[in-house]
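The file upload-v4.tsv comes next; it holds TSV, C-alpha atoms.
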chain	number	residue	atom	x	y	z
A	4	SER	CA	51.28	90.51	170.33
A	5	ALA	CA	52.36	91.43	166.82
A	6	VAL	CA	55.61	90.16	165.31
A	7	ILE	CA	57.37	92.81	163.27
A	8	SER	CA	60.30	92.46	160.90
A	9	GLN	CA	62.35	95.18	159.29
A	10	LYS	CA	64.68	95.16	156.31
A	11	PRO	CA	67.51	95.93	156.15
A	12	SER	CA	68.70	95.43	159.69
A	13	ARG	CA	71.59	97.77	159.03
A	14	ASP	CA	73.18	99.63	156.18
A	15	ILE	CA	76.02	101.98	155.41
A	16	CYS	CA	75.13	104.52	152.75
A	17	GLN	CA	76.83	107.36	150.97
A	18	ARG	CA	75.81	110.97	151.33
A	19	GLY	CA	73.21	112.03	148.78
A	20	THR	CA	71.71	108.60	148.22
A	21	SER	CA	68.35	107.24	149.43
A	22	LEU	CA	67.43	104.14	151.42
A	23	THR	CA	64.06	102.46	151.70
A	24	ILE	CA	63.30	100.58	154.91
A	25	GLN	CA	60.61	97.93	154.91
A	26	CYS	CA	58.36	96.99	157.82
A	27	GLN	CA	56.33	93.77	157.74
A	28	VAL	CA	53.81	92.70	160.39
A	29	ASP	CA	52.44	89.20	160.89
A	30	SER	CA	48.87	90.43	161.33
A	31	GLN	CA	46.67	93.22	160.07
A	32	VAL	CA	47.05	96.44	162.00
A	33	THR	CA	45.45	99.81	161.63
A	34	MET	CA	48.17	102.09	162.91
A	35	MET	CA	51.85	101.95	162.04
A	36	PHE	CA	54.44	104.37	163.31
A	37	TRP	CA	57.96	105.27	162.21
A	38	TYR	CA	60.48	106.49	164.77
A	39	ARG	CA	64.03	107.78	164.63
A	40	GLN	CA	66.58	107.36	167.39
A	41	GLN	CA	69.68	109.45	166.91
A	42	PRO	CA	72.84	108.37	168.74
A	43	GLY	CA	72.46	108.82	172.49
A	44	GLN	CA	68.95	110.22	172.15
A	45	SER	CA	65.45	109.00	172.91
A	46	LEU	CA	63.02	107.97	170.21
A	47	THR	CA	61.30	110.62	168.13
A	48	LEU	CA	58.15	110.00	166.13
A	49	ILE	CA	58.60	110.73	162.43
A	50	ALA	CA	55.09	109.95	161.20
A	51	THR	CA	51.98	107.86	161.64
A	52	ALA	CA	50.98	105.72	158.67
A	53	ASN	CA	47.41	104.49	158.41
A	54	GLN	CA	46.35	102.35	155.50
A	55	GLY	CA	44.33	104.18	152.90
A	56	SER	CA	45.39	107.67	153.90
A	57	GLU	CA	48.39	109.93	153.66
A	58	ALA	CA	50.94	109.64	156.44
A	59	THR	CA	50.78	112.26	159.18
A	60	TYR	CA	54.18	113.83	159.83
A	61	GLU	CA	55.40	115.30	163.09
A	62	SER	CA	56.89	118.73	163.38
A	63	GLY	CA	60.36	118.81	161.87
A	64	PHE	CA	59.76	115.94	159.44
A	65	VAL	CA	58.58	116.40	155.86
A	66	ILE	CA	57.31	114.07	153.19
A	67	ASP	CA	59.99	115.02	150.67
A	68	LYS	CA	62.70	113.85	153.05
A	69	PHE	CA	60.87	110.85	154.55
A	70	PRO	CA	58.28	109.55	152.08
A	71	ILE	CA	56.16	106.73	153.50
A	72	SER	CA	54.03	104.13	151.80
A	73	ARG	CA	51.30	102.01	153.41
A	74	PRO	CA	49.89	99.82	150.65
A	75	ASN	CA	48.06	97.37	152.96
A	76	LEU	CA	47.39	96.50	156.58
A	77	THR	CA	50.58	94.47	157.08
A	78	PHE	CA	53.30	96.47	155.32
A	79	SER	CA	54.87	99.90	155.20
A	80	THR	CA	58.03	101.51	153.89
A	81	LEU	CA	59.99	104.56	154.98
A	82	THR	CA	62.47	106.16	152.61
A	83	VAL	CA	65.27	108.35	153.87
A	84	SER	CA	66.05	110.63	150.94
A	85	ASN	CA	69.15	112.58	149.96
A	86	MET	CA	70.94	111.34	153.05
A	87	SER	CA	73.48	113.27	155.07
A	88	PRO	CA	75.57	112.10	158.05
A	89	GLU	CA	72.96	113.69	160.35
A	90	ASP	CA	70.52	110.99	159.22
A	91	SER	CA	72.66	108.31	160.85
A	92	SER	CA	70.23	106.79	163.33
A	93	ILE	CA	68.23	103.75	164.24
A	94	TYR	CA	64.87	103.77	162.46
A	95	LEU	CA	62.11	101.79	164.13
A	96	CYS	CA	58.72	100.70	162.94
A	97	SER	CA	55.98	100.06	165.46
A	98	VAL	CA	52.33	99.08	165.32
A	99	GLY	CA	49.26	99.70	167.42
A	100	GLN	CA	47.20	96.60	168.08
A	101	GLY	CA	44.74	95.21	170.54
A	102	ALA	CA	43.77	97.32	173.51
A	103	ILE	CA	44.19	101.01	173.02
A	104	TYR	CA	47.70	102.23	173.81
A	105	GLU	CA	49.31	98.86	173.12
A	106	GLN	CA	52.26	99.34	170.83
A	107	TYR	CA	54.83	96.85	169.55
A	108	PHE	CA	58.20	97.63	168.05
A	109	GLY	CA	60.29	96.17	165.28
A	110	PRO	CA	63.97	95.23	165.55
A	111	GLY	CA	65.09	98.51	164.01
A	112	THR	CA	67.30	99.49	161.09
A	113	ARG	CA	70.69	100.92	161.98
A	114	LEU	CA	71.69	103.43	159.30
A	115	THR	CA	75.12	104.98	158.96
A	116	VAL	CA	75.66	107.70	156.38
A	117	THR	CA	79.24	108.45	155.34
B	2	LYS	CA	62.40	119.92	178.06
B	3	ASN	CA	61.70	116.19	178.03
B	4	GLU	CA	58.39	115.52	179.70
B	5	VAL	CA	59.49	112.10	180.92
B	6	GLU	CA	62.40	111.89	183.33
B	7	GLN	CA	64.25	108.71	184.16
B	8	SER	CA	66.79	107.97	186.84
B	9	PRO	CA	69.45	106.90	187.04
B	10	GLN	CA	70.85	107.46	183.55
B	11	ASN	CA	73.40	104.73	184.06
B	12	LEU	CA	73.35	101.81	186.45
B	13	THR	CA	75.93	99.13	187.17
B	14	ALA	CA	75.11	96.07	189.25
B	15	GLN	CA	76.54	92.73	190.27
B	16	GLU	CA	74.68	89.62	189.26
B	17	GLY	CA	71.95	88.83	191.77
B	18	GLU	CA	71.34	92.39	192.90
B	19	PHE	CA	67.88	93.95	193.11
B	20	ILE	CA	67.56	96.83	190.66
B	21	THR	CA	65.18	99.77	190.56
B	22	ILE	CA	64.74	102.22	187.70
B	23	ASN	CA	62.53	105.26	188.18
B	24	CYS	CA	60.33	107.28	185.83
B	25	SER	CA	58.57	110.57	186.53
B	26	TYR	CA	56.19	112.47	184.32
B	27	SER	CA	54.73	115.93	184.50
B	28	VAL	CA	50.94	115.69	184.06
B	29	GLY	CA	48.20	113.09	184.04
B	30	ILE	CA	48.68	110.23	181.60
B	31	SER	CA	46.55	107.57	180.01
B	32	ALA	CA	49.11	104.75	180.06
B	33	LEU	CA	52.80	104.08	180.59
B	34	HIS	CA	55.13	101.67	178.84
B	35	TRP	CA	58.37	100.13	180.03
B	36	LEU	CA	60.54	99.12	177.09
B	37	GLN	CA	63.83	97.25	176.81
B	38	GLN	CA	66.34	98.07	174.08
B	39	HIS	CA	69.29	95.76	173.41
B	40	PRO	CA	72.54	96.89	171.79
B	41	GLY	CA	71.31	95.88	168.32
B	42	GLY	CA	68.60	98.52	168.60
B	43	GLY	CA	65.43	96.44	168.67
B	44	ILE	CA	62.86	97.29	171.32
B	45	VAL	CA	60.76	94.90	173.37
B	46	SER	CA	57.70	96.06	175.23
B	47	LEU	CA	57.95	94.80	178.81
B	48	PHE	CA	54.86	96.30	180.41
B	49	MET	CA	52.00	98.61	179.71
B	50	LEU	CA	50.18	99.88	182.77
B	51	SER	CA	47.82	102.62	183.83
B	52	SER	CA	47.48	101.74	187.52
B	53	GLY	CA	48.79	99.42	190.20
B	54	LYS	CA	51.42	96.80	189.60
B	55	LYS	CA	52.35	94.15	187.06
B	56	LYS	CA	54.77	91.25	187.35
B	57	HIS	CA	56.37	89.08	184.70
B	58	GLY	CA	59.06	86.67	185.80
B	59	ARG	CA	61.79	88.65	187.58
B	60	LEU	CA	60.40	91.98	186.41
B	61	ILE	CA	57.94	94.10	188.37
B	62	ALA	CA	56.47	97.42	187.28
B	63	THR	CA	54.53	99.76	189.54
B	64	ILE	CA	52.83	103.07	188.95
B	65	ASN	CA	51.60	105.73	191.39
B	66	ILE	CA	49.15	107.96	189.57
B	67	GLN	CA	48.95	110.57	192.35
B	68	GLU	CA	52.72	110.98	192.52
B	69	LYS	CA	53.13	110.72	188.71
B	70	HIS	CA	55.83	108.12	189.17
B	71	SER	CA	56.57	104.61	187.99
B	72	SER	CA	59.29	102.13	188.90
B	73	LEU	CA	60.70	99.09	187.16
B	74	HIS	CA	62.27	96.49	189.44
B	75	ILE	CA	64.47	93.58	188.44
B	76	THR	CA	64.96	90.88	191.04
B	77	ALA	CA	67.99	88.57	190.99
B	78	SER	CA	69.59	90.50	188.13
B	79	HIS	CA	71.56	88.64	185.48
B	80	PRO	CA	74.08	89.77	182.84
B	81	ARG	CA	71.47	89.11	180.15
B	82	ASP	CA	69.39	91.91	181.71
B	83	SER	CA	72.02	94.37	180.47
B	84	ALA	CA	70.19	96.76	178.16
B	85	VAL	CA	68.70	100.23	177.99
B	86	TYR	CA	65.35	100.51	179.76
B	87	ILE	CA	63.00	103.17	178.46
B	88	CYS	CA	59.90	104.64	180.04
B	89	ALA	CA	57.28	106.05	177.64
B	90	VAL	CA	53.91	107.63	178.34
B	91	TYR	CA	50.69	108.56	176.56
B	92	TYR	CA	49.42	112.04	177.39
B	93	ASN	CA	45.82	111.43	176.26
B	94	THR	CA	46.91	111.02	172.64
B	95	ASP	CA	47.96	108.12	170.51
B	96	LYS	CA	51.56	109.31	170.57
B	97	LEU	CA	54.18	107.98	172.94
B	98	ILE	CA	56.55	110.38	174.69
B	99	PHE	CA	59.82	108.68	175.55
B	100	GLY	CA	62.28	109.11	178.36
B	101	THR	CA	65.98	109.18	177.61
B	102	GLY	CA	66.52	105.70	178.98
B	103	THR	CA	68.53	104.03	181.73
B	104	ARG	CA	71.56	102.07	180.65
B	105	LEU	CA	71.95	98.98	182.84
B	106	GLN	CA	75.03	96.79	182.99
B	107	VAL	CA	75.00	93.67	185.12
B	108	PHE	CA	78.35	92.02	185.76
B	109	PRO	CA	78.83	88.37	186.68
Could you write out this structure as structure tokens?
Amino acid sequence: SAVISQKPSRDICQRGTSLTIQCQVDSQVTMMFWYRQQPGQSLTLIATANQGSEATYESGFVIDKFPISRPNLTFSTLTVSNMSPEDSSIYLCSVGQGAIYEQYFGPGTRLTVT
Amino acid sequence: KNEVEQSPQNLTAQEGEFITINCSYSVGISALHWLQQHPGGGIVSLFMLSSGKKKHGRLIATINIQEKHSSLHITASHPRDSAVYICAVYYNTDKLIFGTGTRLQVFP
């Protein structure tokens, strides 16, 4: 299984600022995913990030608000831009590896926007 | 409407009890995940299955394709099992659809 780390683990940010979350994997993976989990809710897919191509965003999420980089097969970043309190959530990175449908999750970044 | 339903939403148990968490989905799937989320937010994948039954330690996961239903069982529960358990399915895509989770608290 893949070992995934995320930075920061948590942060408190002011309205209107931006935060970049990093996701590092201990092995090369093709598919990386970014999820958001709002308080009391289930996970929602923000976008799929494949190396060498533009990220694919889900309905309701746009690149201007959540720009994603995928410079290589072990690393990705998600930026939460122009934050508002509604962006307070846990953001999780996950990767697809091995047999199809296998997916592994990072420890998450707990973001609070004041 | 969430396409993955879990029950119960909340579950309280005494240490040592046998626990069952249920997951139902609406149409045929390719695979199903059981995930564990601790209070810090990180998620651990417990099982991925598409048929039958899997066992790992005190955890057992079963799936009934015809009934579109899966169960996660915990034998001899322990306070360290306290977490949110999430069922997630693949509907023939590479995207997971998540249930809302079952919050389990095990008291000593």
Extract, using all atoms listed in the file, all DNA, RNA and protein residues at most 6 Å from segment 21-29 of chain B, discarding same-chain residues fewer than 2 positions from it, and format them as a list in words.
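The residues satisfying every condition are Glu4, Val5, Glu6, Gln7, Ser8, Lys69, His70, Ser71, Ser72, Leu73 and His74 of chain B.
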Could you give me, as a count of residues only, the residues that sit within 10 Å of (71.7, 102.3, 162.0) in the file's coordinates, counting only C-alpha atoms?
23
In terms of the shortest atom-to-atom distance over all atoms listed in the file, which of B:Asn11, B:Gln106, B:Ser31, B:Ser51 is closest to Ala84 of chain B?
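Among the listed residues, the smallest separation from Ala84 of chain B belongs to B:Gln106.
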Atom CA of Ser46 of chain B to atom CA of Val85 of chain B: how many Å, to one decimal?
12.1 Å
Would you give me, as a Markdown table, each residue of chain A having an atom within 9 Å of an atom of chain B, along with its shortest atom pair and that distance in Å to one decimal, using all atoms listed in the file and sorting by chain and residue number?
| residue | atom | partner | partner_atom | distance |
| --- | --- | --- | --- | --- |
| A:Gly43 | CA | B:Thr101 | CA | 8.3 |
| A:Gln44 | CA | B:Thr101 | CA | 6.3 |
| A:Ser45 | CA | B:Thr101 | CA | 4.7 |
| A:Leu46 | CA | B:Phe99 | CA | 6.3 |
| A:Thr47 | CA | B:Phe99 | CA | 7.8 |
| A:Leu48 | CA | B:Lys96 | CA | 8.0 |
| A:Ile93 | CA | B:Gly42 | CA | 6.8 |
| A:Tyr94 | CA | B:Gly42 | CA | 8.9 |
| A:Leu95 | CA | B:Gly43 | CA | 7.8 |
| A:Ile103 | CA | B:Asp95 | CA | 8.4 |
| A:Tyr104 | CA | B:Asp95 | CA | 6.8 |
| A:Glu105 | CA | B:Met49 | CA | 7.1 |
| A:Gln106 | CA | B:Ser46 | CA | 7.7 |
| A:Tyr107 | CA | B:Ser46 | CA | 6.4 |
| A:Phe108 | CA | B:Ile44 | CA | 5.7 |
| A:Gly109 | CA | B:Gly43 | CA | 6.2 |
| A:Pro110 | CA | B:Gly43 | CA | 3.7 |
| A:Gly111 | CA | B:Gly43 | CA | 5.1 |
| A:Thr112 | CA | B:Gly42 | CA | 7.7 |
| A:Arg113 | CA | B:Gly42 | CA | 7.3 |
Atomic separation - atom CA of Ile75 of chain B relative to atom CA of Leu60 of chain B, Å
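Spanning atom CA of Leu60 of chain B to atom CA of Ile75 of chain B is a straight-line distance of 4.8 Å.
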Residues near Trp37 of chain A, anyone? I mean within 7 Å using all atoms listed in the file, not counting same-chain ones fewer than 6 positions away, as a PyMOL selection string.
chain A and resi 48-51+95-97
From the set A:Ala52, A:Ile71, A:Leu81, A:Leu22, which residue has the shortest atom-to-atom contact distance to Met34 of chain A, counting all atoms listed in the file?
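For Met34 of chain A, the nearest of the candidates is A:Ala52.
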How many Å lie between atom CA of Tyr38 of chain A and atom CA of Ile61 of chain B, rounded to one decimal?
26.8 Å
Ser30 of chain A environment, 9 Å, only C-alpha atoms, sequence neighbours closer than 2 positions dropped, as a PyMOL selection string
chain A and resi 5-6+27-28+32+76-77
For a quick check of understanding, using only C-alpha atoms, which of B:Gln37, B:Gln10, B:Ser52, B:Gln15 has the smallest distance to Ala77 of chain B?
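So, comparing all the options, the nearest one is B:Gln15.
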Excluding Arg73 of chain A and residues on its chain fewer than 3 positions from it, collect all residues at most 7 Å away from it, counting only C-alpha atoms, and give them as number ranges by chain.
A: 52-54, 78-80
The centre and edge lengths of an axis-aligned box containing all atoms of segment 94-105 of chain B present in the file, extended by 4 Å on each side, are to be given in Å to one decimal, as lines of an AutoDock Vina configuration file.
center_x = 59.4
center_y = 105.0
center_z = 176.7
size_x = 33.0
size_y = 20.0
size_z = 20.3
Surrounding residues of Val107 of chain B excluding itself and chain neighbours under 3 positions, 10 Å, all atoms listed in the file, as a list in words:
Leu12, Thr13, Ala14, Gln15, Glu16, Gly17, Glu18, Ile20, Ser78, His79, Pro80, Arg81, Asp82, Ser83 and Ala84 of chain B
Dump as an mmCIF file, in the coordinates of the input, selection limited to C-alpha atoms:
data_model
loop_
_atom_site.group_PDB
_atom_site.id
_atom_site.type_symbol
_atom_site.label_atom_id
_atom_site.label_comp_id
_atom_site.auth_asym_id
_atom_site.auth_seq_id
_atom_site.Cartn_x
_atom_site.Cartn_y
_atom_site.Cartn_z
ATOM 1 C CA LEU B 12 73.350 101.810 186.450
ATOM 2 C CA THR B 13 75.930 99.130 187.170
ATOM 3 C CA ALA B 14 75.110 96.070 189.250
ATOM 4 C CA GLN B 15 76.540 92.730 190.270
ATOM 5 C CA GLU B 16 74.680 89.620 189.260
ATOM 6 C CA GLY B 17 71.950 88.830 191.770
ATOM 7 C CA GLU B 18 71.340 92.390 192.900
ATOM 8 C CA ILE B 20 67.560 96.830 190.660
ATOM 9 C CA SER B 78 69.590 90.500 188.130
ATOM 10 C CA HIS B 79 71.560 88.640 185.480
ATOM 11 C CA PRO B 80 74.080 89.770 182.840
ATOM 12 C CA ARG B 81 71.470 89.110 180.150
ATOM 13 C CA ASP B 82 69.390 91.910 181.710
ATOM 14 C CA SER B 83 72.020 94.370 180.470
ATOM 15 C CA ALA B 84 70.190 96.760 178.160
#
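Taking all atoms listed in the file into account, Glu89 of chain A lies nearest to A:Thr117 out of the set A:Thr117, A:Gln25, A:Ser8, A:Thr20.
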Because the input lacks atoms here, generate N, CA and C atoms for segment 13-32 of chain A and report them as an mmCIF file, in the frame of the given file.
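Listing of rebuild32.cif after writing:
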data_model
loop_
_atom_site.group_PDB
_atom_site.id
_atom_site.type_symbol
_atom_site.label_atom_id
_atom_site.label_comp_id
_atom_site.auth_asym_id
_atom_site.auth_seq_id
_atom_site.Cartn_x
_atom_site.Cartn_y
_atom_site.Cartn_z
ATOM 1 N N ARG A 13 70.610 96.694 158.969
ATOM 2 C CA ARG A 13 71.590 97.770 159.030
ATOM 3 C C ARG A 13 72.112 98.063 157.639
ATOM 4 N N ASP A 14 72.601 99.270 157.462
ATOM 5 C CA ASP A 14 73.180 99.630 156.180
ATOM 6 C C ASP A 14 74.128 100.804 156.354
ATOM 7 N N ILE A 15 75.101 100.846 155.482
ATOM 8 C CA ILE A 15 76.020 101.980 155.410
ATOM 9 C C ILE A 15 75.828 102.604 154.039
ATOM 10 N N CYS A 16 75.487 103.864 154.000
ATOM 11 C CA CYS A 16 75.130 104.520 152.750
ATOM 12 C C CYS A 16 75.973 105.769 152.539
ATOM 13 N N GLN A 17 76.073 106.158 151.290
ATOM 14 C CA GLN A 17 76.830 107.360 150.970
ATOM 15 C C GLN A 17 75.926 108.586 150.997
ATOM 16 N N ARG A 18 76.509 109.683 151.339
ATOM 17 C CA ARG A 18 75.810 110.970 151.330
ATOM 18 C C ARG A 18 75.149 111.187 149.975
ATOM 19 N N GLY A 19 73.923 111.690 149.995
ATOM 20 C CA GLY A 19 73.210 112.030 148.780
ATOM 21 C C GLY A 19 72.350 110.918 148.204
ATOM 22 N N THR A 20 72.522 109.717 148.710
ATOM 23 C CA THR A 20 71.710 108.600 148.220
ATOM 24 C C THR A 20 70.455 108.453 149.074
ATOM 25 N N SER A 21 69.598 107.500 148.694
ATOM 26 C CA SER A 21 68.350 107.240 149.430
ATOM 27 C C SER A 21 68.296 105.776 149.840
ATOM 28 N N LEU A 22 67.602 105.502 150.925
ATOM 29 C CA LEU A 22 67.430 104.140 151.420
ATOM 30 C C LEU A 22 65.965 103.932 151.778
ATOM 31 N N THR A 23 65.423 102.818 151.335
ATOM 32 C CA THR A 23 64.060 102.460 151.700
ATOM 33 C C THR A 23 64.068 101.333 152.714
ATOM 34 N N ILE A 24 63.388 101.543 153.822
ATOM 35 C CA ILE A 24 63.300 100.580 154.910
ATOM 36 C C ILE A 24 61.910 99.951 154.866
ATOM 37 N N GLN A 25 61.877 98.640 154.963
ATOM 38 C CA GLN A 25 60.610 97.930 154.910
ATOM 39 C C GLN A 25 60.209 97.448 156.302
ATOM 40 N N CYS A 26 58.920 97.466 156.555
ATOM 41 C CA CYS A 26 58.360 96.990 157.820
ATOM 42 C C CYS A 26 57.211 96.039 157.514
ATOM 43 N N GLN A 27 57.346 94.803 157.992
ATOM 44 C CA GLN A 27 56.330 93.770 157.740
ATOM 45 C C GLN A 27 55.778 93.277 159.079
ATOM 46 N N VAL A 28 54.457 93.167 159.168
ATOM 47 C CA VAL A 28 53.810 92.700 160.390
ATOM 48 C C VAL A 28 53.092 91.393 160.102
ATOM 49 N N ASP A 29 53.030 90.522 161.110
ATOM 50 C CA ASP A 29 52.440 89.200 160.890
ATOM 51 C C ASP A 29 50.923 89.192 161.018
ATOM 52 N N SER A 30 50.324 90.335 161.250
ATOM 53 C CA SER A 30 48.870 90.430 161.330
ATOM 54 C C SER A 30 48.430 91.807 160.851
ATOM 55 N N GLN A 31 47.166 91.942 160.569
ATOM 56 C CA GLN A 31 46.670 93.220 160.070
ATOM 57 C C GLN A 31 46.557 94.224 161.212
ATOM 58 N N VAL A 32 47.078 95.395 160.987
ATOM 59 C CA VAL A 32 47.050 96.440 162.000
ATOM 60 C C VAL A 32 46.609 97.748 161.363
#
